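File shown: entry-v7.cif. Contents: mmCIF, C-alpha atoms.
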```
data_model
loop_
_atom_site.label_atom_id
_atom_site.label_comp_id
_atom_site.auth_asym_id
_atom_site.auth_seq_id
_atom_site.Cartn_x
_atom_site.Cartn_y
_atom_site.Cartn_z
CA MET A 176 83.29 81.60 118.23
CA LYS A 177 86.57 81.17 120.06
CA PRO A 178 87.77 84.21 122.01
CA LEU A 179 90.50 86.35 120.46
CA TYR A 180 93.69 86.49 122.55
CA LYS A 181 95.16 89.98 122.16
CA PHE A 182 98.43 89.64 124.08
CA SER A 183 101.92 88.46 123.18
CA PHE A 184 103.36 85.00 123.81
CA SER A 185 105.68 86.37 126.50
CA GLU A 186 102.73 87.89 128.34
CA ALA A 187 100.80 84.65 127.94
CA LYS A 188 103.68 82.82 129.64
CA ARG A 189 103.71 85.29 132.54
CA ASN A 190 99.97 84.86 133.04
CA ASN A 191 99.87 81.09 132.51
CA GLU A 192 97.74 81.57 129.38
CA VAL A 193 99.92 79.82 126.82
CA GLU A 194 97.14 77.43 125.84
CA GLU A 195 94.78 80.36 125.21
CA PHE A 196 97.47 82.03 123.09
CA ARG A 197 98.01 78.90 121.00
CA GLU A 198 94.31 78.25 120.46
CA SER A 199 93.77 81.84 119.36
CA LEU A 200 96.80 81.72 117.04
CA GLN A 201 95.47 78.59 115.35
CA GLU A 202 92.10 80.28 114.89
CA ASN A 203 93.86 83.35 113.45
CA ILE A 204 95.59 81.08 110.94
CA ARG A 205 92.30 79.42 110.07
CA CYS A 206 90.78 82.87 109.51
CA ARG A 207 93.72 83.79 107.26
CA ASP A 208 93.20 80.65 105.18
CA PHE A 209 89.46 81.28 105.02
CA LEU A 210 89.95 84.82 103.71
CA ASP A 211 92.64 83.79 101.22
CA ASN A 212 90.33 81.09 99.89
CA GLU A 213 87.40 83.50 99.64
CA ILE A 214 89.58 85.93 97.68
CA GLY A 215 90.91 83.17 95.44
CA GLU A 216 87.43 81.93 94.62
CA LYS A 217 85.53 85.22 94.31
CA PHE A 218 87.92 87.91 93.08
CA ASP A 219 87.16 88.35 89.37
CA GLY A 220 90.29 90.30 88.51
CA MET A 221 88.58 93.66 89.00
CA ARG A 222 86.32 93.51 92.00
CA LEU A 223 86.09 91.69 95.33
CA PRO A 224 82.44 91.07 96.29
CA ASP A 225 81.24 92.24 99.72
CA GLU A 226 80.33 88.68 100.65
CA CYS A 227 84.01 87.84 101.27
CA ALA A 228 84.14 90.08 104.35
CA GLU A 229 80.58 89.15 105.30
CA ASN A 230 81.32 85.42 105.23
CA ALA A 231 84.44 85.86 107.34
CA VAL A 232 82.57 87.89 109.94
CA LYS A 233 79.85 85.23 110.12
CA GLU A 234 82.45 82.53 110.68
CA PHE A 235 84.95 84.31 112.96
CA GLY A 236 83.29 87.52 114.19
CA TYR A 237 84.42 91.09 113.68
CA ASP A 238 87.26 91.06 116.21
CA ARG A 239 89.26 88.21 114.69
CA THR A 240 88.51 89.12 111.08
CA MET A 241 89.70 92.70 111.62
CA TRP A 242 92.68 91.48 113.70
CA VAL A 243 93.92 89.28 110.84
CA ILE A 244 93.43 91.98 108.19
CA ALA A 245 95.07 94.64 110.35
CA ASN A 246 97.99 92.34 111.12
CA THR A 247 98.51 91.77 107.40
CA ILE A 248 98.73 95.52 106.77
CA LEU A 249 101.17 95.99 109.66
CA GLN A 250 103.35 93.11 108.46
CA ARG A 251 103.77 94.90 105.11
CA ASP A 252 105.41 98.01 106.50
CA GLY A 253 106.32 100.46 103.77
CA ASP A 254 103.93 98.96 101.22
CA GLY A 255 102.47 101.99 99.47
CA ARG A 256 99.51 100.06 98.05
CA PHE A 257 97.56 100.48 101.29
CA HIS A 258 95.52 103.63 101.76
CA HIS A 259 96.68 105.86 104.60
CA ALA A 260 93.30 105.52 106.33
CA ASN A 261 93.57 101.73 106.36
CA ARG A 262 97.10 101.80 107.73
CA GLU A 263 96.00 104.16 110.52
CA TRP A 264 93.04 101.86 111.22
CA ALA A 265 95.37 98.86 111.50
CA GLU A 266 97.67 100.66 113.93
CA HIS A 267 94.76 101.33 116.31
CA PHE A 268 94.54 97.60 117.12
CA HIS A 269 97.90 97.68 118.95
CA ILE A 270 98.72 94.13 117.87
CA PRO A 271 101.69 92.96 120.00
CA ASP A 272 104.98 92.74 118.11
CA ASP A 273 105.35 88.98 118.21
CA ARG A 274 107.68 86.80 116.14
CA ARG A 275 104.72 84.61 115.13
CA ASN A 276 102.53 87.37 113.71
CA TYR A 277 103.64 86.48 110.17
CA GLU A 278 101.82 83.16 110.56
CA PHE A 279 98.39 84.77 110.32
CA ALA A 280 99.16 87.40 107.67
CA LEU A 281 97.18 87.01 104.47
CA ARG A 282 99.03 85.87 101.36
CA SER A 283 96.76 87.75 98.97
CA HIS A 284 97.81 90.81 96.95
CA SER A 285 98.06 94.06 98.91
CA CYS A 286 95.54 95.89 96.71
CA ILE A 287 92.96 93.18 97.38
CA VAL A 288 93.68 93.21 101.12
CA ASP A 289 93.29 97.00 101.06
CA GLY A 290 89.83 96.60 99.50
CA LEU A 291 88.98 93.93 102.06
CA ALA A 292 89.90 96.37 104.84
CA ASP A 293 87.56 98.95 103.27
CA ASP A 294 84.73 96.41 103.21
CA VAL A 295 85.04 95.27 106.83
CA ARG A 296 85.43 98.84 108.07
CA LYS A 297 82.20 99.85 106.31
CA MET A 298 80.40 96.85 107.77
CA TYR A 299 81.56 97.67 111.28
CA ALA A 300 80.64 101.34 110.88
CA GLN A 301 77.07 100.27 110.05
CA LEU A 302 76.71 99.01 113.64
CA ASN A 303 76.54 102.74 114.55
CA LEU A 304 78.43 102.22 117.79
CA PHE A 305 79.35 105.11 120.08
CA SER A 306 82.98 106.21 120.11
CA GLY A 307 85.17 109.01 121.43
CA GLU A 308 83.59 111.51 119.06
CA HIS A 309 80.30 111.10 120.94
CA THR A 310 81.72 111.91 124.38
CA VAL A 311 82.41 115.10 126.31
CA ARG A 312 85.85 116.47 125.54
CA SER A 313 87.79 117.68 128.55
CA GLU A 314 91.45 118.34 129.28
CA GLU A 315 90.88 117.38 132.92
CA PRO A 316 89.98 113.87 134.18
CA GLN A 317 86.25 113.63 134.87
CA ASP A 318 84.20 112.31 137.75
CA TYR A 319 81.79 109.65 136.54
CA THR A 320 79.38 109.65 139.48
CA GLY A 321 75.78 109.93 138.26
CA LYS A 322 76.91 110.30 134.64
CA LEU A 323 75.76 108.43 131.54
CA LEU A 324 78.85 106.68 130.23
CA VAL A 325 79.80 105.00 126.98
CA ILE A 326 81.22 101.51 127.35
CA ARG A 327 84.03 100.68 124.94
CA ALA A 328 82.65 98.47 122.20
CA ASP A 329 85.39 95.83 122.53
CA VAL A 330 84.48 95.30 126.20
CA LEU A 331 81.10 93.90 125.17
CA LYS A 332 80.62 90.46 123.66
CA GLU A 333 80.11 90.69 119.91
CA GLU A 334 76.52 89.49 120.10
CA CYS A 335 75.80 92.30 122.59
CA ARG A 336 77.64 95.00 120.68
CA THR A 337 74.94 97.59 120.02
CA PRO A 338 74.77 101.32 120.82
CA GLU A 339 71.90 100.59 123.26
CA ASN A 340 74.13 98.24 125.27
CA GLN A 341 76.95 100.78 125.39
CA LEU A 342 75.09 103.23 127.63
CA PHE A 343 75.79 102.76 131.34
CA LEU A 344 74.50 104.94 134.17
CA ALA A 345 77.17 105.17 136.86
CA SER A 346 76.02 105.31 140.47
CA GLY A 347 79.27 105.14 142.42
CA GLY A 348 82.46 103.25 143.18
CA PHE A 349 86.06 104.32 143.60
CA GLY A 350 86.53 104.16 139.85
CA CYS A 351 84.21 107.12 139.37
CA SER A 352 86.85 109.40 140.84
CA PRO A 353 89.82 110.12 138.56
CA ASP A 354 92.07 110.53 141.62
CA SER A 355 91.24 107.24 143.30
CA SER A 356 93.42 104.14 143.15
CA GLY A 357 90.24 102.04 142.93
CA ARG A 358 89.02 101.23 139.43
CA LYS A 359 85.51 99.77 139.80
CA VAL A 360 82.54 101.79 138.57
CA PHE A 361 79.14 100.56 139.76
CA GLY A 362 75.86 101.30 138.03
CA GLN A 363 73.38 99.87 135.56
CA PHE A 364 72.82 99.35 131.86
CA LEU A 365 70.40 102.07 130.86
CA ASN A 366 68.42 99.95 128.39
CA ASP A 367 67.40 97.12 130.73
CA GLY A 368 68.40 98.29 134.22
CA GLU A 369 70.78 95.38 134.88
CA LYS A 370 73.12 96.35 137.70
CA THR A 371 76.79 95.46 137.52
CA HIS A 372 80.23 97.05 137.53
CA PHE A 373 83.01 97.77 135.07
CA TYR A 374 86.49 99.24 135.44
CA ARG A 375 87.19 102.88 134.70
CA GLU A 376 89.32 101.96 131.68
CA ASP A 377 86.34 100.09 130.17
CA PHE A 378 84.65 103.39 129.31
CA VAL A 379 85.22 105.78 126.44
CA GLY A 380 83.91 108.63 128.59
CA ILE A 381 80.77 110.62 129.40
CA ILE A 382 78.34 110.84 126.50
CA ASP A 383 77.78 114.34 125.13
CA GLU A 384 74.17 115.49 125.65
CA GLN A 385 73.72 116.19 121.94
CA HIS A 386 74.34 112.51 121.17
CA ILE A 387 71.94 111.05 123.75
CA PRO A 388 69.12 109.24 121.89
CA GLN A 389 65.52 110.16 122.72
CA TRP A 390 64.81 106.78 124.31
CA ALA A 391 67.87 107.17 126.53
CA ALA A 392 66.89 110.67 127.65
CA GLU A 393 63.42 109.42 128.60
CA LYS A 394 64.85 106.42 130.42
CA MET A 395 67.26 108.67 132.32
CA GLU A 396 64.33 110.78 133.56
CA GLN A 397 62.49 107.66 134.74
CA VAL A 398 65.53 106.29 136.57
CA GLN A 399 66.32 109.63 138.23
CA ALA A 400 62.68 110.09 139.29
CA GLN A 401 62.67 106.62 140.82
CA GLN A 402 65.93 107.30 142.64
CA GLU A 403 64.56 110.56 144.06
CA GLN A 404 61.41 108.76 145.22
CA GLU A 405 63.41 106.01 146.91
CA SER A 406 65.68 108.50 148.68
CA ALA A 407 62.84 110.77 149.88
CA PRO A 408 62.24 110.53 153.68
CA GLU A 409 59.08 108.68 154.68
CA GLN A 410 56.35 110.86 156.16
CA THR A 411 54.88 109.68 159.46
CA ILE A 412 51.32 110.35 160.58
CA ASN A 413 50.90 111.99 164.02
CA LEU A 414 48.04 110.10 165.73
CA ASN A 415 47.93 112.53 168.71
CA MET A 416 46.45 115.38 166.72
#
```
Can I see the file as structure tokens?
Amino acid sequence: MKPLYKFSFSEAKRNNEVEEFRESLQENIRCRDFLDNEIGEKFDGMRLPDECAENAVKEFGYDRTMWVIANTILQRDGDGRFHHANREWAEHFHIPDDRRNYEFALRSHSCIVDGLADDVRKMYAQLNLFSGEHTVRSEEPQDYTGKLLVIRADVLKEECRTPENQLFLASGGFGCSPDSSGRKVFGQFLNDGEKTHFYREDFVGIIDEQHIPQWAAEKMEQVQAQQEQESAPEQTINLNM
């Protein structure tokens, strides 16, 4: 699957990424045509089968499929045939206001696009990914040092997008402090122990204890016990006794 480019043409020019923008736009258009064809072939006048969304996700992935559907809803501002929940969902993608966005807006009827949005949202929800509702709520910025964090789903590659891969145990880095100008947060994936770093903005926040899975709680205990053992001072034997 080709990567989805989420920025405007003007930003692509500033960053010397025009080719990436154009390739992604062409793939968006191909996704639009794919969905319109699926609807044209499978809509029976009353119902759109789930396989339309499923086939698009298999071909283009969740990110691009949802991007194209959301863009279509946003392009039809004021169209009352979209449910309020789907319009709110579309707005969360923050698709840049670009003069070429109309090129990858679906041509299908708004009621059918609204049903398509329902279908893809249900599919994505079945991944059971962690979100803001699973994190600790706080009015003050939080220190991430030693905390179990939730990585934003869109930071992970689609093939790695599972709740297990979202849990990251932070060990340090300037990004752990909310007051630091540094952004890097060092640590490890809890599920396999791979050590790496992310940026502070790549995290949803600190996971709430009530949402920590049993396997994760057990793994946390193992990691913390190992860290305590490694940091314990070595005992020396006095041979002069």
Discussion item. Using all atoms listed in the file, which protein or nucleic acid residues come within 12 Å of Ile214 in chain A? Drop anything in the same chain fewer than 2 positions from it, and give the result as a PyMOL selection string.
Written reply: chain A and resi 207-212+216-228+230-231+281-288+290-291
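Note on the selection: in this file the PyMOL selection byres ((chain A and resi 298) around 12) comes out as Asp225, Glu226, Cys227, Ala228, Glu229, Asn230, Ala231, Val232, Lys233, Gly236, Tyr237, Thr240, Met241, Leu291, Ala292, Asp293, Asp294, Val295, Arg296, Lys297, Tyr299, Ala300, Gln301, Leu302, Asn303 and Leu304 of chain A.
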8 Å per side around range 346-353 of chain A: axis-aligned box centre and edge lengths, as lines of an AutoDock Vina configuration file:
```
center_x = 82.9
center_y = 106.7
center_z = 141.1
size_x = 29.8
size_y = 22.9
size_z = 21.0
```
Worksheet item: Counting all atoms listed in the file, what is within 6 Å of range 372-386 of chain A, bar same-chain residues fewer than 2 positions away, as a ChimeraX atom specification?
Response: /A:307,309-311,323-327,350,358-361
Worksheet item: Pick from A:Asp238, A:Asp354, A:Glu202, A:Glu339: nearest to Asn366 in chain A, with only C-alpha atoms counted?
Response: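 Under the stated criterion, the closest residue is A:Glu339.
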Fill in: Resolved residues for the PyMOL selection byres ((chain A and resi 179-193) around 7) as a count of residues only
11
Discussion item. Excluding range 398-401 of chain A and its own-chain neighbours fewer than 5 positions away, which residues fall within 10 Å of it when counting only C-alpha atoms? Please give them as a ChimeraX atom specification.
Written reply: /A:321,344,365,368,393,406-407
Residue subset to file, keeping C-alpha atoms, as a JSON list (two decimals), in the frame of the given file:
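Generated file (selection00.json):
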```json
[["chain", "number", "residue", "atom", "x", "y", "z"],
["A", 321, "GLY", "CA", 75.78, 109.93, 138.26],
["A", 344, "LEU", "CA", 74.50, 104.94, 134.17],
["A", 365, "LEU", "CA", 70.40, 102.07, 130.86],
["A", 368, "GLY", "CA", 68.40, 98.29, 134.22],
["A", 393, "GLU", "CA", 63.42, 109.42, 128.60],
["A", 406, "SER", "CA", 65.68, 108.50, 148.68],
["A", 407, "ALA", "CA", 62.84, 110.77, 149.88]]
```
Item to complete: To verify the selection step, state as a ChimeraX atom specification which residues the PyMOL selection byres ((chain A and resi 267) around 12) yields on this input.
Response: /A:241-242,245-246,248-249,260-266,268-271
Discussion item. Report, in Å to a single decimal, how far apart CA of Glu213 in chain A and CA of Met176 in chain A are.
Written reply: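 For CA of Met176 in chain A relative to CA of Glu213 in chain A, the distance reads 19.1 Å.
The interatomic distance for the pair CA of Gln201 in chain A and CA of Glu234 in chain A works out to 14.4 Å.
Ranking A:Lys322, A:His258, A:Lys370, A:Lys394 by their shortest atom-to-atom distance to Cys351 in chain A, with all atoms listed in the file included, puts A:Lys322 first.
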Taking (84.1, 114.6, 136.1) as a centre in this file's frame and 9 Å as the limit, can you find every polymer residue with an atom that close, using only C-alpha atoms, and give them as an mmCIF file with C-alpha atoms, keeping the file's coordinate frame?
```
data_model
loop_
_atom_site.group_PDB
_atom_site.id
_atom_site.type_symbol
_atom_site.label_atom_id
_atom_site.label_comp_id
_atom_site.auth_asym_id
_atom_site.auth_seq_id
_atom_site.Cartn_x
_atom_site.Cartn_y
_atom_site.Cartn_z
ATOM 1 C CA SER A 313 87.790 117.680 128.550
ATOM 2 C CA GLU A 315 90.880 117.380 132.920
ATOM 3 C CA PRO A 316 89.980 113.870 134.180
ATOM 4 C CA GLN A 317 86.250 113.630 134.870
ATOM 5 C CA ASP A 318 84.200 112.310 137.750
ATOM 6 C CA TYR A 319 81.790 109.650 136.540
ATOM 7 C CA THR A 320 79.380 109.650 139.480
ATOM 8 C CA LYS A 322 76.910 110.300 134.640
ATOM 9 C CA CYS A 351 84.210 107.120 139.370
ATOM 10 C CA SER A 352 86.850 109.400 140.840
ATOM 11 C CA PRO A 353 89.820 110.120 138.560
ATOM 12 C CA ILE A 381 80.770 110.620 129.400
#
```
Restore N, CA and C atoms in range 327-358 of chain A and list the result as a CSV table (one decimal), keeping the file's coordinate frame.
```csv
chain,number,residue,atom,x,y,z
A,327,ARG,N,83.3,101.0,126.1
A,327,ARG,CA,84.0,100.7,124.9
A,327,ARG,C,83.4,99.5,124.3
A,328,ALA,N,83.3,99.5,122.9
A,328,ALA,CA,82.6,98.5,122.2
A,328,ALA,C,83.3,97.1,122.4
A,329,ASP,N,84.7,97.1,122.4
A,329,ASP,CA,85.4,95.8,122.5
A,329,ASP,C,85.3,95.2,123.9
A,330,VAL,N,84.7,95.9,124.9
A,330,VAL,CA,84.5,95.3,126.2
A,330,VAL,C,83.3,94.4,126.2
A,331,LEU,N,82.3,94.7,125.3
A,331,LEU,CA,81.1,93.9,125.2
A,331,LEU,C,81.3,92.7,124.3
A,332,LYS,N,80.6,91.6,124.6
A,332,LYS,CA,80.6,90.5,123.7
A,332,LYS,C,80.1,90.9,122.3
A,333,GLU,N,80.5,90.3,121.2
A,333,GLU,CA,80.1,90.7,119.9
A,333,GLU,C,78.6,90.6,119.7
A,334,GLU,N,78.0,89.6,120.3
A,334,GLU,CA,76.5,89.5,120.1
A,334,GLU,C,75.8,90.6,120.9
A,335,CYS,N,76.4,91.2,121.8
A,335,CYS,CA,75.8,92.3,122.6
A,335,CYS,C,76.3,93.7,122.2
A,336,ARG,N,77.0,93.8,121.1
A,336,ARG,CA,77.6,95.0,120.7
A,336,ARG,C,76.7,95.9,119.9
A,337,THR,N,75.9,96.7,120.6
A,337,THR,CA,74.9,97.6,120.0
A,337,THR,C,75.1,98.9,120.7
A,338,PRO,N,74.7,100.0,120.1
A,338,PRO,CA,74.8,101.3,120.8
A,338,PRO,C,73.9,101.4,122.1
A,339,GLU,N,72.8,100.6,122.1
A,339,GLU,CA,71.9,100.6,123.3
A,339,GLU,C,72.6,100.0,124.5
A,340,ASN,N,73.4,98.9,124.2
A,340,ASN,CA,74.1,98.2,125.3
A,340,ASN,C,75.4,99.0,125.7
A,341,GLN,N,75.8,100.0,125.0
A,341,GLN,CA,77.0,100.8,125.4
A,341,GLN,C,76.7,101.8,126.5
A,342,LEU,N,75.4,102.1,126.7
A,342,LEU,CA,75.1,103.2,127.6
A,342,LEU,C,74.9,102.7,129.0
A,343,PHE,N,75.7,103.2,130.0
A,343,PHE,CA,75.8,102.8,131.3
A,343,PHE,C,75.7,103.9,132.3
A,344,LEU,N,74.7,103.9,133.2
A,344,LEU,CA,74.5,104.9,134.2
A,344,LEU,C,75.3,104.6,135.4
A,345,ALA,N,76.3,105.4,135.7
A,345,ALA,CA,77.2,105.2,136.9
A,345,ALA,C,76.5,105.7,138.1
A,346,SER,N,76.6,104.9,139.2
A,346,SER,CA,76.0,105.3,140.5
A,346,SER,C,77.1,105.6,141.5
A,347,GLY,N,78.2,104.9,141.4
A,347,GLY,CA,79.3,105.1,142.4
A,347,GLY,C,80.4,104.2,142.2
A,348,GLY,N,81.3,104.1,143.3
A,348,GLY,CA,82.5,103.2,143.2
A,348,GLY,C,83.7,104.1,143.1
A,349,PHE,N,84.8,103.6,143.6
A,349,PHE,CA,86.1,104.3,143.6
A,349,PHE,C,86.5,104.7,142.2
A,350,GLY,N,86.1,103.9,141.2
A,350,GLY,CA,86.5,104.2,139.8
A,350,GLY,C,85.9,105.4,139.3
A,351,CYS,N,84.8,105.9,139.9
A,351,CYS,CA,84.2,107.1,139.4
A,351,CYS,C,85.1,108.3,139.5
A,352,SER,N,85.9,108.3,140.6
A,352,SER,CA,86.8,109.4,140.8
A,352,SER,C,88.2,109.2,140.1
A,353,PRO,N,88.6,110.2,139.3
A,353,PRO,CA,89.8,110.1,138.6
A,353,PRO,C,91.1,110.1,139.4
A,354,ASP,N,90.9,110.5,140.7
A,354,ASP,CA,92.1,110.5,141.6
A,354,ASP,C,92.2,109.3,142.5
A,355,SER,N,91.2,108.4,142.4
A,355,SER,CA,91.2,107.2,143.3
A,355,SER,C,92.1,106.1,142.7
A,356,SER,N,92.7,105.3,143.6
A,356,SER,CA,93.4,104.1,143.2
A,356,SER,C,92.5,103.0,142.8
A,357,GLY,N,91.2,103.0,143.3
A,357,GLY,CA,90.2,102.0,142.9
A,357,GLY,C,89.8,102.2,141.5
A,358,ARG,N,89.4,101.1,140.8
A,358,ARG,CA,89.0,101.2,139.4
A,358,ARG,C,87.6,100.9,139.1
```
